[in-house]
Structure formats: C-alpha cells, structure tokens
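**Q** There's a structure below that I have some questions on.
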Amino acid sequence: SYEFSETISVNFSNLQHGIFRYIPTKGSDNLTALKVDQINVAGWNYEDYFENKNKVIKIGDPDYYLTGKQIFSLNYRVRIYDDKDTNGDMVYLDLLPTNWETPIDHVKIAFQFPKDIKEDDIRIYGDKYGADNLADTIDWRYDAETRTVQIEGRDLPQGMGITLYCPLPEGYWTDQLSNDWAKPVSIILGIF
C-alpha cells in the first residue's frame, strides 16, 4: 500500500464551496487496480464516494462559501491489487493525475520507497495523458540514502500529470489485494 499525504493550496477567484479530489482507481482495462481507504481531511467537512473510475473526496461545505487562498490537507491509503506477474513487481503510479480542472502553479512531490531500488530503473513521465516524456517544467532527483524521489514542477497547464514507473524484483510488494475470489463466483453465476 501507499500512504499519501497531500497539501493543496488553492486561490479561489470567485465564490466556491470547496474542491473535489479525484483519485483514479481503475486501469485502462476497466479492472480495479487500486483501493482507496483510511481517508482523513484535517479541519474540513468532507465526504467520499465513487464516480466513474474515480474515488472522489469532496471537501468543503455546501452551506459555506470560500474565496481567496485556502489550504486543504488530506491523508489516505492506496492499496494495490496483485498483477499476477511472477517476473517482477513494479511501481506504476500517477503521483499527479491528469484530471485536474485547473493549471497548477507549483507542485512538489516526495515518494519514498520502502526498500532499496536501482536508481537507473526509475522513470518519471510528466505531460498530457498517455505521454512518454518529461516536460521541461518538471525536474526530479533520487536520494539513495533515504530512497526518496523528489519531483518539482512549475507552471503546469491543465491536464498535465506526473507518473512514476520503476520495475522491482518479484516479492518487493507483499500482501497485495486479490480478485481471485471473483473467478469462481463468475463461473457459478454463468452456470445459473
């Protein structure tokens, strides 16, 4: 699992009730790839639900308007499903999804690996959805001592995201979620 801690600073130019944080949970094959739980938003009313392929965290109050600079701090856990690939494990994670509805002035991301990795295997992609390049407005570095990737980007247009990919040896992750229970249930339902 991944433990996320986010601080989102927003400057509302007109009256708003809050923000929506969309966390993609399904892969391109429409299968659930991630489970989001243990959500906590400090100092704000919030609710969470599913919409399309996303876990949505709605932060704010419908009876209260906000304007100007606001800071939202939230924590949540993302659990991964076993990919059934016995050749190896991996990190393939959208650290900044492409579904933000606004440009982003500045982003700083720190991702800490729990165990040692090969620095040369790290790939950072940062651009529009589906891109396999890194925009020149994004920089990153890896600190082997703390096993942390530091990423910083400035002046990101709407729709730009940042993805981390790193192949890992088999067994790097343990206790992943599994959909194995679904196969027997599907067979039984198919018989009926």
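Chain lettering (A, B, ...) mirrors the order of the structure tokens, residue numbering begins at 1 for each chain separately, and ligand numbering begins at 1 in order of display.
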Which residues are close to region 106-122 of chain A, i.e. within 10 Å by only C-alpha atoms, leaving aside same-chain residues fewer than 6 positions away? Reply as a ChimeraX atom specification.

**A** /A:2-9,91,95-96,137-156,162,164-169,172-173

**Q** Please identify all polymer residues within 8 Å of region 51-56 of chain A, counting only C-alpha atoms, omitting same-chain residues fewer than 4 positions from it, and present them as a compact mmCIF listing (two decimals) with N, CA, C and O atoms, in the first residue's frame.

**A**
# COMPACT_ATOMS: atom_id res chain seq x y z
N PHE A 20 -12.93 19.16 -5.22
CA PHE A 20 -13.09 17.73 -5.43
C PHE A 20 -11.71 17.16 -5.72
O PHE A 20 -11.00 17.68 -6.58
N ARG A 21 -11.35 16.09 -5.01
CA ARG A 21 -10.09 15.39 -5.30
C ARG A 21 -10.46 14.05 -5.93
O ARG A 21 -11.05 13.20 -5.28
N TYR A 22 -10.16 13.89 -7.21
CA TYR A 22 -10.46 12.66 -7.95
C TYR A 22 -9.23 11.77 -7.96
O TYR A 22 -8.17 12.20 -8.42
N ILE A 23 -9.37 10.54 -7.49
CA ILE A 23 -8.27 9.58 -7.47
C ILE A 23 -8.64 8.41 -8.37
O ILE A 23 -9.54 7.63 -8.04
N PRO A 24 -7.98 8.27 -9.53
CA PRO A 24 -8.30 7.16 -10.43
C PRO A 24 -8.04 5.81 -9.76
O PRO A 24 -6.99 5.61 -9.14
N THR A 25 -9.00 4.88 -9.86
CA THR A 25 -8.87 3.58 -9.22
C THR A 25 -8.92 2.42 -10.20
O THR A 25 -8.67 1.29 -9.81
N LYS A 26 -9.24 2.69 -11.45
CA LYS A 26 -9.34 1.60 -12.43
C LYS A 26 -8.35 1.82 -13.54
O LYS A 26 -8.04 2.94 -13.93
N ASN A 30 -10.37 -1.31 -17.39
CA ASN A 30 -11.57 -1.12 -16.58
C ASN A 30 -11.61 -2.03 -15.36
O ASN A 30 -12.64 -2.16 -14.72
N VAL A 36 -8.84 2.80 -2.38
CA VAL A 36 -8.52 3.97 -1.55
C VAL A 36 -9.33 3.87 -0.26
O VAL A 36 -10.55 3.71 -0.30

**Q** Fewer than 3 positions away in the same chain doesn't count, so skip those; otherwise give me all residues within 8 Å of Ala42 (chain A), counting only C-alpha atoms, as a PyMOL selection string.

**A** chain A and resi 72-74

**Q** Show me, as a PDB file with all heavy atoms, in the first residue's frame, the residues that have an atom within 6 Å of region 11-14 of chain A when counting only C-alpha atoms, minus same-chain residues fewer than 3 positions from it.

**A**
ATOM      1  N   THR A  67     -13.512  31.979  -0.604  1.00  0.00           N
ATOM      2  CA  THR A  67     -12.879  32.793  -1.624  1.00  0.00           C
ATOM      3  C   THR A  67     -11.437  33.034  -1.209  1.00  0.00           C
ATOM      4  O   THR A  67     -11.080  32.856  -0.042  1.00  0.00           O
ATOM      5  CB  THR A  67     -13.634  34.133  -1.843  1.00  0.00           C
ATOM      6  OG1 THR A  67     -13.091  34.782  -2.988  1.00  0.00           O
ATOM      7  CG2 THR A  67     -13.535  35.028  -0.636  1.00  0.00           C
ATOM      8  N   GLY A  68     -10.601  33.408  -2.171  1.00  0.00           N
ATOM      9  CA  GLY A  68      -9.197  33.674  -1.854  1.00  0.00           C
ATOM     10  C   GLY A  68      -8.408  32.395  -1.601  1.00  0.00           C
ATOM     11  O   GLY A  68      -8.787  31.301  -2.009  1.00  0.00           O
ATOM     12  N   LYS A  69      -7.293  32.548  -0.888  1.00  0.00           N
ATOM     13  CA  LYS A  69      -6.396  31.413  -0.642  1.00  0.00           C
ATOM     14  C   LYS A  69      -6.947  30.502   0.455  1.00  0.00           C
ATOM     15  O   LYS A  69      -7.340  30.965   1.517  1.00  0.00           O
ATOM     16  CB  LYS A  69      -5.005  31.909  -0.263  1.00  0.00           C
ATOM     17  CG  LYS A  69      -4.284  32.557  -1.418  1.00  0.00           C
ATOM     18  CD  LYS A  69      -2.853  32.892  -1.079  1.00  0.00           C
ATOM     19  CE  LYS A  69      -2.174  33.515  -2.299  1.00  0.00           C
ATOM     20  NZ  LYS A  69      -0.779  33.806  -2.059  1.00  0.00           N
TER      21      LYS A  69
END

**Q** For Leu66 (chain A), list every protein, DNA or RNA residue within 7 Å, evaluated using only C-alpha atoms, and leave out those in the same chain fewer than 4 positions away; present the list as a PyMOL selection string.

**A** chain A and resi 15-18

**Q** What does the file look like for those residues with N, CA and C atoms, as a compact mmCIF listing (two decimals), in the first residue's frame?

**A**
# COMPACT_ATOMS: atom_id res chain seq x y z
N LEU A 15 -16.49 32.81 -5.64
CA LEU A 15 -17.03 32.02 -4.53
C LEU A 15 -17.16 30.55 -4.90
N GLN A 16 -16.65 29.70 -4.03
CA GLN A 16 -16.71 28.24 -4.21
C GLN A 16 -17.05 27.60 -2.86
N HIS A 17 -17.54 26.38 -2.91
CA HIS A 17 -17.84 25.64 -1.68
C HIS A 17 -16.64 24.81 -1.21
N GLY A 18 -15.71 24.50 -2.10
CA GLY A 18 -14.57 23.67 -1.76
C GLY A 18 -13.98 23.06 -3.02

**Q** Given only C-alpha atoms as the basis, pick out the residue of A:Ile104, A:Glu170, A:Asp132, A:Met160 nearest to Gly88 (chain A).

**A**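 Residue with the minimum atom-to-atom distance to Gly88 (chain A): A:Glu170.
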
**Q** If we count only C-alpha atoms and set the cut-off at 6 Å, which residues sit around Pro97 (chain A), ignoring sequence neighbours fewer than 2 positions away in its own chain? Please answer as a ChimeraX atom specification.

**A** /A:94,99,161

**Q** To one decimal in Å, tell me the separation between CA of Glu47 (chain A) and CA of Val78 (chain A).

**A**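 Interatomic distance, CA of Glu47 (chain A) to CA of Val78 (chain A): 16.9 Å.
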
**Q** Record the distance separating CA of Gly126 (chain A) and CA of Pro157 (chain A), expressed in Å with one decimal.

**A**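 Calculated distance between CA of Gly126 (chain A) and CA of Pro157 (chain A) is 11.2 Å.
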